[in-house]
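One file, protein38.pdb, is given below (PDB, N, CA and C atoms).
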ATOM      1  N   GLU C 842       6.951 117.843-107.653
ATOM      2  CA  GLU C 842       5.799 117.218-107.024
ATOM      3  C   GLU C 842       4.541 117.409-107.877
ATOM      4  N   GLY C 843       4.362 118.573-108.461
ATOM      5  CA  GLY C 843       3.211 118.844-109.312
ATOM      6  C   GLY C 843       3.219 117.977-110.555
ATOM      7  N   GLU C 844       4.426 117.737-111.077
ATOM      8  CA  GLU C 844       4.549 116.899-112.271
ATOM      9  C   GLU C 844       4.166 115.449-111.963
ATOM     10  N   VAL C 845       4.547 114.977-110.785
ATOM     11  CA  VAL C 845       4.205 113.612-110.375
ATOM     12  C   VAL C 845       2.688 113.473-110.243
ATOM     13  N   ASP C 846       2.046 114.457-109.628
ATOM     14  CA  ASP C 846       0.589 114.425-109.480
ATOM     15  C   ASP C 846      -0.095 114.406-110.842
ATOM     16  N   GLN C 847       0.428 115.197-111.755
ATOM     17  CA  GLN C 847      -0.133 115.255-113.105
ATOM     18  C   GLN C 847       0.020 113.897-113.803
ATOM     19  N   GLN C 848       1.167 113.275-113.654
ATOM     20  CA  GLN C 848       1.400 111.963-114.263
ATOM     21  C   GLN C 848       0.477 110.901-113.647
ATOM     22  N   VAL C 849       0.266 110.999-112.334
ATOM     23  CA  VAL C 849      -0.638 110.061-111.659
ATOM     24  C   VAL C 849      -2.061 110.232-112.182
ATOM     25  N   GLU C 850      -2.493 111.472-112.371
ATOM     26  CA  GLU C 850      -3.831 111.731-112.905
ATOM     27  C   GLU C 850      -3.985 111.148-114.301
ATOM     28  N   ILE C 851      -2.984 111.360-115.136
ATOM     29  CA  ILE C 851      -3.029 110.845-116.509
ATOM     30  C   ILE C 851      -3.089 109.319-116.499
ATOM     31  N   LEU C 852      -2.239 108.699-115.692
ATOM     32  CA  LEU C 852      -2.224 107.241-115.605
ATOM     33  C   LEU C 852      -3.552 106.704-115.069
ATOM     34  N   THR C 853      -4.099 107.371-114.068
ATOM     35  CA  THR C 853      -5.387 106.957-113.509
ATOM     36  C   THR C 853      -6.479 107.037-114.566
ATOM     37  N   GLU C 854      -6.492 108.105-115.330
ATOM     38  CA  GLU C 854      -7.495 108.274-116.384
ATOM     39  C   GLU C 854      -7.356 107.186-117.453
ATOM     40  N   ILE C 855      -6.119 106.890-117.850
ATOM     41  CA  ILE C 855      -5.877 105.847-118.856
ATOM     42  C   ILE C 855      -6.356 104.491-118.342
ATOM     43  N   LEU C 856      -6.017 104.186-117.096
ATOM     44  CA  LEU C 856      -6.435 102.907-116.520
ATOM     45  C   LEU C 856      -7.957 102.813-116.405
ATOM     46  N   TRP C 857      -8.589 103.911-116.019
ATOM     47  CA  TRP C 857     -10.045 103.908-115.880
ATOM     48  C   TRP C 857     -10.716 103.683-117.230
ATOM     49  N   LYS C 858     -10.217 104.355-118.266
ATOM     50  CA  LYS C 858     -10.791 104.174-119.606
ATOM     51  C   LYS C 858     -10.608 102.737-120.078
ATOM     52  N   ALA C 859      -9.439 102.161-119.819
ATOM     53  CA  ALA C 859      -9.187 100.772-120.211
ATOM     54  C   ALA C 859     -10.119  99.826-119.458
ATOM     55  N   PHE C 860     -10.305 100.092-118.186
ATOM     56  CA  PHE C 860     -11.190  99.255-117.370
ATOM     57  C   PHE C 860     -12.622  99.311-117.881
ATOM     58  N   THR C 861     -13.138 100.519-118.124
ATOM     59  CA  THR C 861     -14.528 100.648-118.572
ATOM     60  C   THR C 861     -14.725 100.064-119.967
ATOM     61  N   ALA C 862     -13.694 100.142-120.816
ATOM     62  CA  ALA C 862     -13.805  99.566-122.158
ATOM     63  C   ALA C 862     -13.776  98.039-122.111
ATOM     64  N   ALA C 863     -13.004  97.481-121.204
ATOM     65  CA  ALA C 863     -12.827  96.026-121.145
ATOM     66  C   ALA C 863     -13.881  95.320-120.306
ATOM     67  N   THR C 864     -14.559  96.047-119.431
ATOM     68  CA  THR C 864     -15.514  95.432-118.516
ATOM     69  C   THR C 864     -16.933  95.679-119.013
ATOM     70  N   PRO C 865     -17.693  94.615-119.252
ATOM     71  CA  PRO C 865     -19.074  94.824-119.704
ATOM     72  C   PRO C 865     -19.942  95.362-118.570
ATOM     73  N   ARG C 866     -20.964  96.109-118.949
ATOM     74  CA  ARG C 866     -21.915  96.597-117.958
ATOM     75  C   ARG C 866     -22.639  95.397-117.370
ATOM     76  N   ARG C 867     -22.844  95.435-116.080
ATOM     77  CA  ARG C 867     -23.487  94.307-115.409
ATOM     78  C   ARG C 867     -24.963  94.270-115.772
ATOM     79  N   LYS C 868     -25.407  93.119-116.160
ATOM     80  CA  LYS C 868     -26.807  92.924-116.508
ATOM     81  C   LYS C 868     -27.420  91.938-115.529
ATOM     82  N   ARG C 869     -28.719  91.919-115.503
ATOM     83  CA  ARG C 869     -29.423  90.971-114.659
ATOM     84  C   ARG C 869     -29.130  89.563-115.181
ATOM     85  N   PRO C 870     -28.866  88.621-114.302
ATOM     86  CA  PRO C 870     -28.605  87.249-114.751
ATOM     87  C   PRO C 870     -29.787  86.696-115.545
ATOM     88  N   LEU C 871     -29.495  85.900-116.549
ATOM     89  CA  LEU C 871     -30.552  85.344-117.393
ATOM     90  C   LEU C 871     -31.513  84.459-116.612
ATOM     91  N   TRP C 872     -31.017  83.803-115.561
ATOM     92  CA  TRP C 872     -31.868  82.907-114.798
ATOM     93  C   TRP C 872     -32.816  83.656-113.878
ATOM     94  N   LYS C 873     -32.565  84.943-113.680
ATOM     95  CA  LYS C 873     -33.391  85.716-112.756
ATOM     96  C   LYS C 873     -34.470  86.459-113.544
ATOM     97  N   LYS C 874     -35.716  86.076-113.338
ATOM     98  CA  LYS C 874     -36.820  86.704-114.052
ATOM     99  C   LYS C 874     -37.287  87.942-113.297
ATOM    100  N   SER C 875     -37.791  88.904-114.055
ATOM    101  CA  SER C 875     -38.371  90.067-113.394
ATOM    102  C   SER C 875     -39.772  89.688-112.910
ATOM    103  N   VAL C 876     -40.198  90.341-111.871
ATOM    104  CA  VAL C 876     -41.508  90.031-111.304
ATOM    105  C   VAL C 876     -42.570  90.891-111.978
ATOM    106  N   PRO C 877     -43.777  90.369-112.151
ATOM    107  CA  PRO C 877     -44.800  91.117-112.886
ATOM    108  C   PRO C 877     -45.325  92.338-112.134
ATOM    109  N   TRP C 878     -45.111  92.398-110.827
ATOM    110  CA  TRP C 878     -45.663  93.497-110.042
ATOM    111  C   TRP C 878     -44.712  94.681-109.925
ATOM    112  N   TRP C 879     -43.510  94.597-110.494
ATOM    113  CA  TRP C 879     -42.532  95.675-110.353
ATOM    114  C   TRP C 879     -42.913  96.863-111.229
ATOM    115  N   THR C 880     -42.820  98.076-110.657
ATOM    116  CA  THR C 880     -43.117  99.303-111.396
ATOM    117  C   THR C 880     -41.970 100.294-111.211
ATOM    118  N   GLU C 881     -41.957 101.312-112.054
ATOM    119  CA  GLU C 881     -40.932 102.354-111.915
ATOM    120  C   GLU C 881     -41.092 103.097-110.589
ATOM    121  N   GLU C 882     -42.331 103.327-110.190
ATOM    122  CA  GLU C 882     -42.589 104.000-108.910
ATOM    123  C   GLU C 882     -42.010 103.185-107.755
ATOM    124  N   LEU C 883     -42.178 101.881-107.817
ATOM    125  CA  LEU C 883     -41.619 101.003-106.789
ATOM    126  C   LEU C 883     -40.094 101.104-106.776
ATOM    127  N   GLY C 884     -39.499 101.237-107.936
ATOM    128  CA  GLY C 884     -38.048 101.412-108.024
ATOM    129  C   GLY C 884     -37.590 102.696-107.357
ATOM    130  N   ARG C 885     -38.360 103.773-107.543
ATOM    131  CA  ARG C 885     -38.010 105.053-106.906
ATOM    132  C   ARG C 885     -38.131 104.966-105.386
ATOM    133  N   VAL C 886     -39.198 104.320-104.914
ATOM    134  CA  VAL C 886     -39.389 104.171-103.465
ATOM    135  C   VAL C 886     -38.267 103.318-102.878
ATOM    136  N   LYS C 887     -37.894 102.251-103.577
ATOM    137  CA  LYS C 887     -36.815 101.382-103.098
ATOM    138  C   LYS C 887     -35.502 102.150-103.018
ATOM    139  N   LYS C 888     -35.223 102.955-104.034
ATOM    140  CA  LYS C 888     -33.982 103.731-104.047
ATOM    141  C   LYS C 888     -33.950 104.714-102.876
ATOM    142  N   ALA C 889     -35.070 105.387-102.617
ATOM    143  CA  ALA C 889     -35.146 106.326-101.495
ATOM    144  C   ALA C 889     -34.995 105.591-100.163
ATOM    145  N   PHE C 890     -35.583 104.398-100.067
ATOM    146  CA  PHE C 890     -35.471 103.599 -98.844
ATOM    147  C   PHE C 890     -34.020 103.205 -98.585
ATOM    148  N   TYR C 891     -33.331 102.725 -99.601
ATOM    149  CA  TYR C 891     -31.936 102.318 -99.410
ATOM    150  C   TYR C 891     -31.034 103.513 -99.098
ATOM    151  N   ARG C 892     -31.342 104.664 -99.686
ATOM    152  CA  ARG C 892     -30.582 105.874 -99.372
ATOM    153  C   ARG C 892     -30.781 106.247 -97.906
ATOM    154  N   ALA C 893     -32.025 106.196 -97.439
ATOM    155  CA  ALA C 893     -32.323 106.507 -96.033
ATOM    156  C   ALA C 893     -31.672 105.488 -95.105
ATOM    157  N   ARG C 894     -31.625 104.239 -95.541
ATOM    158  CA  ARG C 894     -31.007 103.199 -94.715
ATOM    159  C   ARG C 894     -29.518 103.458 -94.523
ATOM    160  N   LYS C 895     -28.861 103.962 -95.561
ATOM    161  CA  LYS C 895     -27.433 104.278 -95.445
ATOM    162  C   LYS C 895     -27.188 105.419 -94.456
ATOM    163  N   LEU C 896     -28.113 106.379 -94.417
ATOM    164  CA  LEU C 896     -27.920 107.586 -93.612
ATOM    165  C   LEU C 896     -28.498 107.488 -92.201
ATOM    166  N   ARG C 897     -29.151 106.399 -91.869
ATOM    167  CA  ARG C 897     -29.925 106.327 -90.621
ATOM    168  C   ARG C 897     -29.111 106.522 -89.353
ATOM    169  N   ARG C 898     -27.827 106.285 -89.371
ATOM    170  CA  ARG C 898     -27.018 106.400 -88.150
ATOM    171  C   ARG C 898     -26.437 107.801 -87.946
ATOM    172  N   ARG C 899     -26.673 108.695 -88.876
ATOM    173  CA  ARG C 899     -26.081 110.034 -88.766
ATOM    174  C   ARG C 899     -26.736 110.890 -87.692
ATOM    175  N   SER C 900     -28.047 110.792 -87.584
ATOM    176  CA  SER C 900     -28.742 111.616 -86.588
ATOM    177  C   SER C 900     -30.107 111.001 -86.289
ATOM    178  N   GLU C 901     -30.751 111.537 -85.288
ATOM    179  CA  GLU C 901     -32.084 111.069 -84.917
ATOM    180  C   GLU C 901     -33.078 111.343 -86.050
ATOM    181  N   TRP C 902     -32.944 112.509 -86.686
ATOM    182  CA  TRP C 902     -33.824 112.856 -87.805
ATOM    183  C   TRP C 902     -33.680 111.837 -88.934
ATOM    184  N   HIS C 903     -32.437 111.470 -89.260
ATOM    185  CA  HIS C 903     -32.204 110.483 -90.315
ATOM    186  C   HIS C 903     -32.818 109.126 -89.943
ATOM    187  N   ARG C 904     -32.735 108.765 -88.676
ATOM    188  CA  ARG C 904     -33.319 107.501 -88.232
ATOM    189  C   ARG C 904     -34.834 107.518 -88.405
ATOM    190  N   GLN C 905     -35.454 108.647 -88.064
ATOM    191  CA  GLN C 905     -36.899 108.764 -88.219
ATOM    192  C   GLN C 905     -37.301 108.725 -89.694
ATOM    193  N   GLU C 906     -36.503 109.377 -90.539
ATOM    194  CA  GLU C 906     -36.768 109.341 -91.979
ATOM    195  C   GLU C 906     -36.658 107.910 -92.505
ATOM    196  N   TYR C 907     -35.664 107.192 -92.005
ATOM    197  CA  TYR C 907     -35.490 105.790 -92.405
ATOM    198  C   TYR C 907     -36.718 104.969 -92.015
ATOM    199  N   GLN C 908     -37.214 105.176 -90.811
ATOM    200  CA  GLN C 908     -38.394 104.432 -90.365
ATOM    201  C   GLN C 908     -39.609 104.749 -91.237
ATOM    202  N   LYS C 909     -39.766 106.024 -91.604
ATOM    203  CA  LYS C 909     -40.874 106.409 -92.487
ATOM    204  C   LYS C 909     -40.729 105.740 -93.852
ATOM    205  N   MET C 910     -39.500 105.749 -94.371
ATOM    206  CA  MET C 910     -39.258 105.155 -95.681
ATOM    207  C   MET C 910     -39.454 103.638 -95.647
ATOM    208  N   ALA C 911     -39.103 103.005 -94.524
ATOM    209  CA  ALA C 911     -39.299 101.556 -94.402
ATOM    210  C   ALA C 911     -40.787 101.224 -94.475
ATOM    211  N   VAL C 912     -41.598 102.017 -93.785
ATOM    212  CA  VAL C 912     -43.048 101.807 -93.815
ATOM    213  C   VAL C 912     -43.573 102.038 -95.228
ATOM    214  N   GLU C 913     -43.112 103.120 -95.863
ATOM    215  CA  GLU C 913     -43.567 103.433 -97.219
ATOM    216  C   GLU C 913     -43.152 102.339 -98.203
ATOM    217  N   TRP C 914     -41.932 101.837 -98.081
ATOM    218  CA  TRP C 914     -41.425 100.785 -98.966
ATOM    219  C   TRP C 914     -42.264  99.508 -98.828
ATOM    220  N   LYS C 915     -42.535  99.102 -97.590
ATOM    221  CA  LYS C 915     -43.336  97.894 -97.375
ATOM    222  C   LYS C 915     -44.755  98.077 -97.906
ATOM    223  N   ARG C 916     -45.322  99.248 -97.659
ATOM    224  CA  ARG C 916     -46.682  99.530 -98.113
ATOM    225  C   ARG C 916     -46.752  99.537 -99.645
ATOM    226  N   ALA C 917     -45.760 100.164-100.276
ATOM    227  CA  ALA C 917     -45.735 100.230-101.741
ATOM    228  C   ALA C 917     -45.593  98.837-102.353
ATOM    229  N   MET C 918     -44.739  98.005-101.760
ATOM    230  CA  MET C 918     -44.577  96.637-102.268
ATOM    231  C   MET C 918     -45.865  95.840-102.116
ATOM    232  N   ARG C 919     -46.468  95.938-100.942
ATOM    233  CA  ARG C 919     -47.719  95.211-100.701
ATOM    234  C   ARG C 919     -48.801  95.652-101.695
ATOM    235  N   ARG C 920     -48.894  96.975-101.906
ATOM    236  CA  ARG C 920     -49.897  97.515-102.819
ATOM    237  C   ARG C 920     -49.638  97.034-104.252
ATOM    238  N   ALA C 921     -48.377  97.063-104.681
ATOM    239  CA  ALA C 921     -48.033  96.639-106.042
ATOM    240  C   ALA C 921     -48.337  95.159-106.251
ATOM    241  N   LYS C 922     -48.016  94.340-105.263
ATOM    242  CA  LYS C 922     -48.293  92.903-105.380
ATOM    243  C   LYS C 922     -49.797  92.638-105.428
ATOM    244  N   ALA C 923     -50.543  93.335-104.577
ATOM    245  CA  ALA C 923     -52.000  93.141-104.547
ATOM    246  C   ALA C 923     -52.628  93.597-105.863
ATOM    247  N   ASP C 924     -52.195  94.749-106.377
ATOM    248  CA  ASP C 924     -52.721  95.246-107.652
ATOM    249  C   ASP C 924     -52.411  94.271-108.785
ATOM    250  N   SER C 925     -51.205  93.746-108.782
ATOM    251  CA  SER C 925     -50.810  92.793-109.816
ATOM    252  C   SER C 925     -51.646  91.519-109.725
ATOM    253  N   TRP C 926     -51.888  91.053-108.516
ATOM    254  CA  TRP C 926     -52.684  89.842-108.334
ATOM    255  C   TRP C 926     -54.119  90.064-108.797
ATOM    256  N   ARG C 927     -54.695  91.234-108.460
ATOM    257  CA  ARG C 927     -56.061  91.550-108.908
ATOM    258  C   ARG C 927     -56.137  91.590-110.430
ATOM    259  N   LYS C 928     -55.129  92.214-111.044
ATOM    260  CA  LYS C 928     -55.087  92.298-112.506
ATOM    261  C   LYS C 928     -54.980  90.900-113.107
ATOM    262  N   PHE C 929     -54.116  90.085-112.537
ATOM    263  CA  PHE C 929     -53.934  88.718-113.020
ATOM    264  C   PHE C 929     -55.242  87.934-112.932
ATOM    265  N   CYS C 930     -55.922  88.037-111.802
ATOM    266  CA  CYS C 930     -57.174  87.298-111.606
ATOM    267  C   CYS C 930     -58.278  87.795-112.531
ATOM    268  N   SER C 931     -58.304  89.087-112.813
ATOM    269  CA  SER C 931     -59.352  89.621-113.682
ATOM    270  C   SER C 931     -59.122  89.260-115.148
ATOM    271  N   GLU C 932     -57.884  89.004-115.530
ATOM    272  CA  GLU C 932     -57.580  88.671-116.924
ATOM    273  C   GLU C 932     -57.839  87.205-117.249
ATOM    274  N   VAL C 933     -57.857  86.350-116.250
ATOM    275  CA  VAL C 933     -58.006  84.914-116.483
ATOM    276  C   VAL C 933     -59.486  84.550-116.504
ATOM    277  N   GLU C 934     -59.899  83.877-117.575
ATOM    278  CA  GLU C 934     -61.293  83.462-117.688
ATOM    279  C   GLU C 934     -61.479  82.008-117.261
ATOM    280  N   ASP C 935     -60.488  81.175-117.535
ATOM    281  CA  ASP C 935     -60.567  79.756-117.200
ATOM    282  C   ASP C 935     -59.731  79.496-115.948
ATOM    283  N   PRO C 936     -60.320  78.950-114.860
ATOM    284  CA  PRO C 936     -59.550  78.718-113.631
ATOM    285  C   PRO C 936     -58.363  77.782-113.835
ATOM    286  N   TRP C 937     -58.510  76.803-114.734
ATOM    287  CA  TRP C 937     -57.392  75.892-114.985
ATOM    288  C   TRP C 937     -56.249  76.619-115.681
ATOM    289  N   ASP C 938     -56.606  77.591-116.491
ATOM    290  CA  ASP C 938     -55.586  78.405-117.147
ATOM    291  C   ASP C 938     -54.790  79.182-116.097
ATOM    292  N   MET C 939     -55.489  79.678-115.070
ATOM    293  CA  MET C 939     -54.824  80.413-113.992
ATOM    294  C   MET C 939     -53.843  79.503-113.247
ATOM    295  N   ILE C 940     -54.280  78.303-112.929
ATOM    296  CA  ILE C 940     -53.405  77.360-112.221
ATOM    297  C   ILE C 940     -52.190  77.031-113.077
ATOM    298  N   TYR C 941     -52.411  76.831-114.372
ATOM    299  CA  TYR C 941     -51.305  76.533-115.282
ATOM    300  C   TYR C 941     -50.305  77.687-115.313
ATOM    301  N   LYS C 942     -50.809  78.922-115.373
ATOM    302  CA  LYS C 942     -49.916  80.089-115.404
ATOM    303  C   LYS C 942     -49.113  80.212-114.113
ATOM    304  N   ILE C 943     -49.757  79.944-112.985
ATOM    305  CA  ILE C 943     -49.056  80.026-111.696
ATOM    306  C   ILE C 943     -47.957  78.975-111.629
ATOM    307  N   LEU C 944     -48.288  77.746-112.015
ATOM    308  CA  LEU C 944     -47.294  76.676-111.967
ATOM    309  C   LEU C 944     -46.170  76.890-112.978
ATOM    310  N   LYS C 945     -46.519  77.458-114.099
ATOM    311  CA  LYS C 945     -45.528  77.721-115.150
ATOM    312  C   LYS C 945     -44.556  78.798-114.704
ATOM    313  N   GLY C 946     -45.040  79.767-113.928
ATOM    314  CA  GLY C 946     -44.179  80.831-113.414
ATOM    315  C   GLY C 946     -44.199  81.971-114.325
TER     316      GLY C 946
END
Starting from the file, lay out its structure as structure tokens.
Amino acid sequence: EGEVDQQVEILTEILWKAFTAATPRRKRPLWKKSVPWWTEELGRVKKAFYRARKLRRRSEWHRQEYQKMAVEWKRAMRRAKADSWRKFCSEVEDPWDMIYKILKG
């Protein structure tokens, strides 16, 4: 029985190595552009929010933590978007240039 387990482990390891070598790492699709307001801090808040969302059904404390993280996530996104918009507006000198940039995407 121990020998069978050992053989299964070896086979599993070989298959995993073959899979990781043959499968490319997933990248963001070329058609999907990143948004100008995204920051590393926003990424950390999002990760914490999704972690809390997974755990929210375990206990009342987890549910409360999830609610706090949901508020923090929404607030952080709103703040990042507003800051980005202010920066964008302050950098544009010609109003027509601003309209062109918005329409261009």
**OP:** Could you tell me which of C:Val849, C:Ala917, C:Pro865, C:Asp924 comes closest to Glu882 (chain C) if we count all atoms listed in the file?
**Re:** C:Ala917
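Here atom C of Ile851 (chain C) stands at a distance of 16.1 Å from atom N of Ala863 (chain C).
Using all atoms listed in the file for every distance, the candidate list C:Ala862, C:Asp846, C:Arg897, C:Pro877 yields C:Pro877 as the residue closest to Lys922 (chain C).
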**OP:** Check what the PyMOL selection byres (((chain C and resi 905-909 and name CA) around 10) and name CA) selects in the file above and give those residues as a list in words.
**Re:** Ala889, Phe890, Tyr891, Arg892, Ala893, Arg894, Lys895, Leu896, Arg897, Arg898, Ser900, Glu901, Trp902, His903, Arg904, Met910, Ala911, Val912, Glu913 and Trp914 of chain C
Given the selection you just returned, output its residues as a file containing N, CA and C atoms, formatted as a PDB file, in the coordinates of the input.
ATOM      1  N   ALA C 889     -35.070 105.387-102.617  1.00  0.00           N
ATOM      2  CA  ALA C 889     -35.146 106.326-101.495  1.00  0.00           C
ATOM      3  C   ALA C 889     -34.995 105.591-100.163  1.00  0.00           C
ATOM      4  N   PHE C 890     -35.583 104.398-100.067  1.00  0.00           N
ATOM      5  CA  PHE C 890     -35.471 103.599 -98.844  1.00  0.00           C
ATOM      6  C   PHE C 890     -34.020 103.205 -98.585  1.00  0.00           C
ATOM      7  N   TYR C 891     -33.331 102.725 -99.601  1.00  0.00           N
ATOM      8  CA  TYR C 891     -31.936 102.318 -99.410  1.00  0.00           C
ATOM      9  C   TYR C 891     -31.034 103.513 -99.098  1.00  0.00           C
ATOM     10  N   ARG C 892     -31.342 104.664 -99.686  1.00  0.00           N
ATOM     11  CA  ARG C 892     -30.582 105.874 -99.372  1.00  0.00           C
ATOM     12  C   ARG C 892     -30.781 106.247 -97.906  1.00  0.00           C
ATOM     13  N   ALA C 893     -32.025 106.196 -97.439  1.00  0.00           N
ATOM     14  CA  ALA C 893     -32.323 106.507 -96.033  1.00  0.00           C
ATOM     15  C   ALA C 893     -31.672 105.488 -95.105  1.00  0.00           C
ATOM     16  N   ARG C 894     -31.625 104.239 -95.541  1.00  0.00           N
ATOM     17  CA  ARG C 894     -31.007 103.199 -94.715  1.00  0.00           C
ATOM     18  C   ARG C 894     -29.518 103.458 -94.523  1.00  0.00           C
ATOM     19  N   LYS C 895     -28.861 103.962 -95.561  1.00  0.00           N
ATOM     20  CA  LYS C 895     -27.433 104.278 -95.445  1.00  0.00           C
ATOM     21  C   LYS C 895     -27.188 105.419 -94.456  1.00  0.00           C
ATOM     22  N   LEU C 896     -28.113 106.379 -94.417  1.00  0.00           N
ATOM     23  CA  LEU C 896     -27.920 107.586 -93.612  1.00  0.00           C
ATOM     24  C   LEU C 896     -28.498 107.488 -92.201  1.00  0.00           C
ATOM     25  N   ARG C 897     -29.151 106.399 -91.869  1.00  0.00           N
ATOM     26  CA  ARG C 897     -29.925 106.327 -90.621  1.00  0.00           C
ATOM     27  C   ARG C 897     -29.111 106.522 -89.353  1.00  0.00           C
ATOM     28  N   ARG C 898     -27.827 106.285 -89.371  1.00  0.00           N
ATOM     29  CA  ARG C 898     -27.018 106.400 -88.150  1.00  0.00           C
ATOM     30  C   ARG C 898     -26.437 107.801 -87.946  1.00  0.00           C
ATOM     31  N   SER C 900     -28.047 110.792 -87.584  1.00  0.00           N
ATOM     32  CA  SER C 900     -28.742 111.616 -86.588  1.00  0.00           C
ATOM     33  C   SER C 900     -30.107 111.001 -86.289  1.00  0.00           C
ATOM     34  N   GLU C 901     -30.751 111.537 -85.288  1.00  0.00           N
ATOM     35  CA  GLU C 901     -32.084 111.069 -84.917  1.00  0.00           C
ATOM     36  C   GLU C 901     -33.078 111.343 -86.050  1.00  0.00           C
ATOM     37  N   TRP C 902     -32.944 112.509 -86.686  1.00  0.00           N
ATOM     38  CA  TRP C 902     -33.824 112.856 -87.805  1.00  0.00           C
ATOM     39  C   TRP C 902     -33.680 111.837 -88.934  1.00  0.00           C
ATOM     40  N   HIS C 903     -32.437 111.470 -89.260  1.00  0.00           N
ATOM     41  CA  HIS C 903     -32.204 110.483 -90.315  1.00  0.00           C
ATOM     42  C   HIS C 903     -32.818 109.126 -89.943  1.00  0.00           C
ATOM     43  N   ARG C 904     -32.735 108.765 -88.676  1.00  0.00           N
ATOM     44  CA  ARG C 904     -33.319 107.501 -88.232  1.00  0.00           C
ATOM     45  C   ARG C 904     -34.834 107.518 -88.405  1.00  0.00           C
ATOM     46  N   MET C 910     -39.500 105.749 -94.371  1.00  0.00           N
ATOM     47  CA  MET C 910     -39.258 105.155 -95.681  1.00  0.00           C
ATOM     48  C   MET C 910     -39.454 103.638 -95.647  1.00  0.00           C
ATOM     49  N   ALA C 911     -39.103 103.005 -94.524  1.00  0.00           N
ATOM     50  CA  ALA C 911     -39.299 101.556 -94.402  1.00  0.00           C
ATOM     51  C   ALA C 911     -40.787 101.224 -94.475  1.00  0.00           C
ATOM     52  N   VAL C 912     -41.598 102.017 -93.785  1.00  0.00           N
ATOM     53  CA  VAL C 912     -43.048 101.807 -93.815  1.00  0.00           C
ATOM     54  C   VAL C 912     -43.573 102.038 -95.228  1.00  0.00           C
ATOM     55  N   GLU C 913     -43.112 103.120 -95.863  1.00  0.00           N
ATOM     56  CA  GLU C 913     -43.567 103.433 -97.219  1.00  0.00           C
ATOM     57  C   GLU C 913     -43.152 102.339 -98.203  1.00  0.00           C
ATOM     58  N   TRP C 914     -41.932 101.837 -98.081  1.00  0.00           N
ATOM     59  CA  TRP C 914     -41.425 100.785 -98.966  1.00  0.00           C
ATOM     60  C   TRP C 914     -42.264  99.508 -98.828  1.00  0.00           C
TER      61      TRP C 914
END
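We find CA of Arg867 (chain C) and CA of Ser925 (chain C) to be spaced 27.9 Å apart.
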**OP:** Report the distance between CA of Arg919 (chain C) and CA of Val886 (chain C) in Å, rounded to one decimal place.
**Re:** 12.5 Å
